[in-house]
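Some notes on the structure that comes next.
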Amino acid sequence: MTIADRGRWDVRHAASSDDDPRPPVAVEFREELVPTAGRALDIACGRGSIAVWLALRGLTVDAVDVSSVGVGAGQALAERHGVVDRVRFTEWDLDAGLPDADPFDVVVCQRFRMPDLYPSLASAVAAGGLLAVTVLSEVGAGPGPFAAPAGELLAAFTGLGLEVLLDSEQNGKAHLVARRPG
């Protein structure tokens, strides 16, 4: 990630005050799919709202983001909600790939699109674990520099040992929720 990209995210996170814990968009109406114990990985966690929601749900969470401002806001949010012992925030450049770790029971990647990372996301899901991905989409919104073409998520995660539970594309967003059998 370039220094300019990192700076852009720092500015964006510094200007935001959106700090309510909330589920990943892909499962917000299917929260029963998300386990209440185990380990979770939140990719491009931003200000930590999903990471803290997962910790409040009972998971131990590793949350990574390129923005030091976002990571700091996430740590403060975890402190306010009493889950600082359940969430570890790390400044991490995803151009280097995912952090090395054993597979996770939940892997979340919301509103961050890096197709080269898709196989690693799938590999990070433990047996019986859940993957929830949401990206901007051309479907219902038109092309854009960060928008996925129609069918990208389903095509990318098919054949990687996951059972797709939900695949939705509309209104400029694409969601995929999948489980690794086991």
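For the structure tokens, the naming scheme is as follows: chains receive sequential letters (A, B, ...) according to their order of presentation, residues are indexed from 1 within each chain, and ligands are indexed from 1 in presentation order.
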
Next on the checklist: Among stretch 14-56 of chain A, which residues does DSSP mark as strand (DSSP E) when it is run on the backbone? Keep the chain and numbering as in the structure and answer as a list in words.
Outcome noted: Arg39, Ala40, Leu41, Asp42 and Ile43 of chain A

Sorted per-residue table, stretch 54-164 of chain A near stretch 35-49 of chain A, closest atoms and distance, 8 Å, only C-alpha atoms, as a tab-separated table:
residue	atom	partner	partner_atom	distance
A:Leu54	CA	A:Ala40	CA	7.5
A:Arg57	CA	A:Thr36	CA	5.4
A:Gly58	CA	A:Thr36	CA	4.9
A:Leu59	CA	A:Ala37	CA	4.7
A:Thr60	CA	A:Arg39	CA	4.8
A:Val61	CA	A:Ala40	CA	4.6
A:Asp62	CA	A:Leu41	CA	4.9
A:Ala63	CA	A:Asp42	CA	4.6
A:Val64	CA	A:Ile43	CA	5.5
A:Asp65	CA	A:Ala44	CA	4.4
A:Val66	CA	A:Ala44	CA	7.1
A:Ser67	CA	A:Gly46	CA	7.3
A:Val69	CA	A:Arg47	CA	7.9
A:Gly70	CA	A:Arg47	CA	4.4
A:Val71	CA	A:Arg47	CA	6.2
A:Gly72	CA	A:Arg47	CA	7.6
A:Ala73	CA	A:Arg47	CA	5.2
A:Gly74	CA	A:Gly48	CA	4.1
A:Gln75	CA	A:Gly48	CA	7.5
A:Leu77	CA	A:Gly48	CA	7.0
A:Ala78	CA	A:Gly48	CA	7.8
A:Phe104	CA	A:Arg39	CA	5.3
A:Asp105	CA	A:Arg39	CA	5.3
A:Val106	CA	A:Ala40	CA	4.5
A:Val107	CA	A:Leu41	CA	4.8
A:Val108	CA	A:Asp42	CA	4.9
A:Cys109	CA	A:Ile43	CA	4.9
A:Gln110	CA	A:Ala44	CA	7.2
A:Phe112	CA	A:Ala44	CA	6.4

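Nearest to A:Ala124 of all the residues A:Leu56, A:Ala141, A:Ala148, A:Leu98 is A:Leu98, counting only C-alpha atoms.
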
Checklist entry - Just asking: which residues within stretch 14-146 of chain A are helix (DSSP H, G or I) according to DSSP, as a PyMOL selection string? => result chain A and resi 14-15+25-27+31-33+49-57+68-80+94-96+115-123

Next on the checklist: For a quick check of understanding, using only C-alpha atoms, which of A:Ala101, A:Ala178, A:Val52, A:Leu94 has the smallest distance to A:Leu160?
Outcome noted: A:Ala178

Checklist entry - If you count only C-alpha atoms, which residues fall within 12 Å of A:His175, apart from same-chain ones fewer than 6 positions away, as a ChimeraX atom specification? => result /A:24-28,108-113,131-137,139,148,150-154,157,164-169
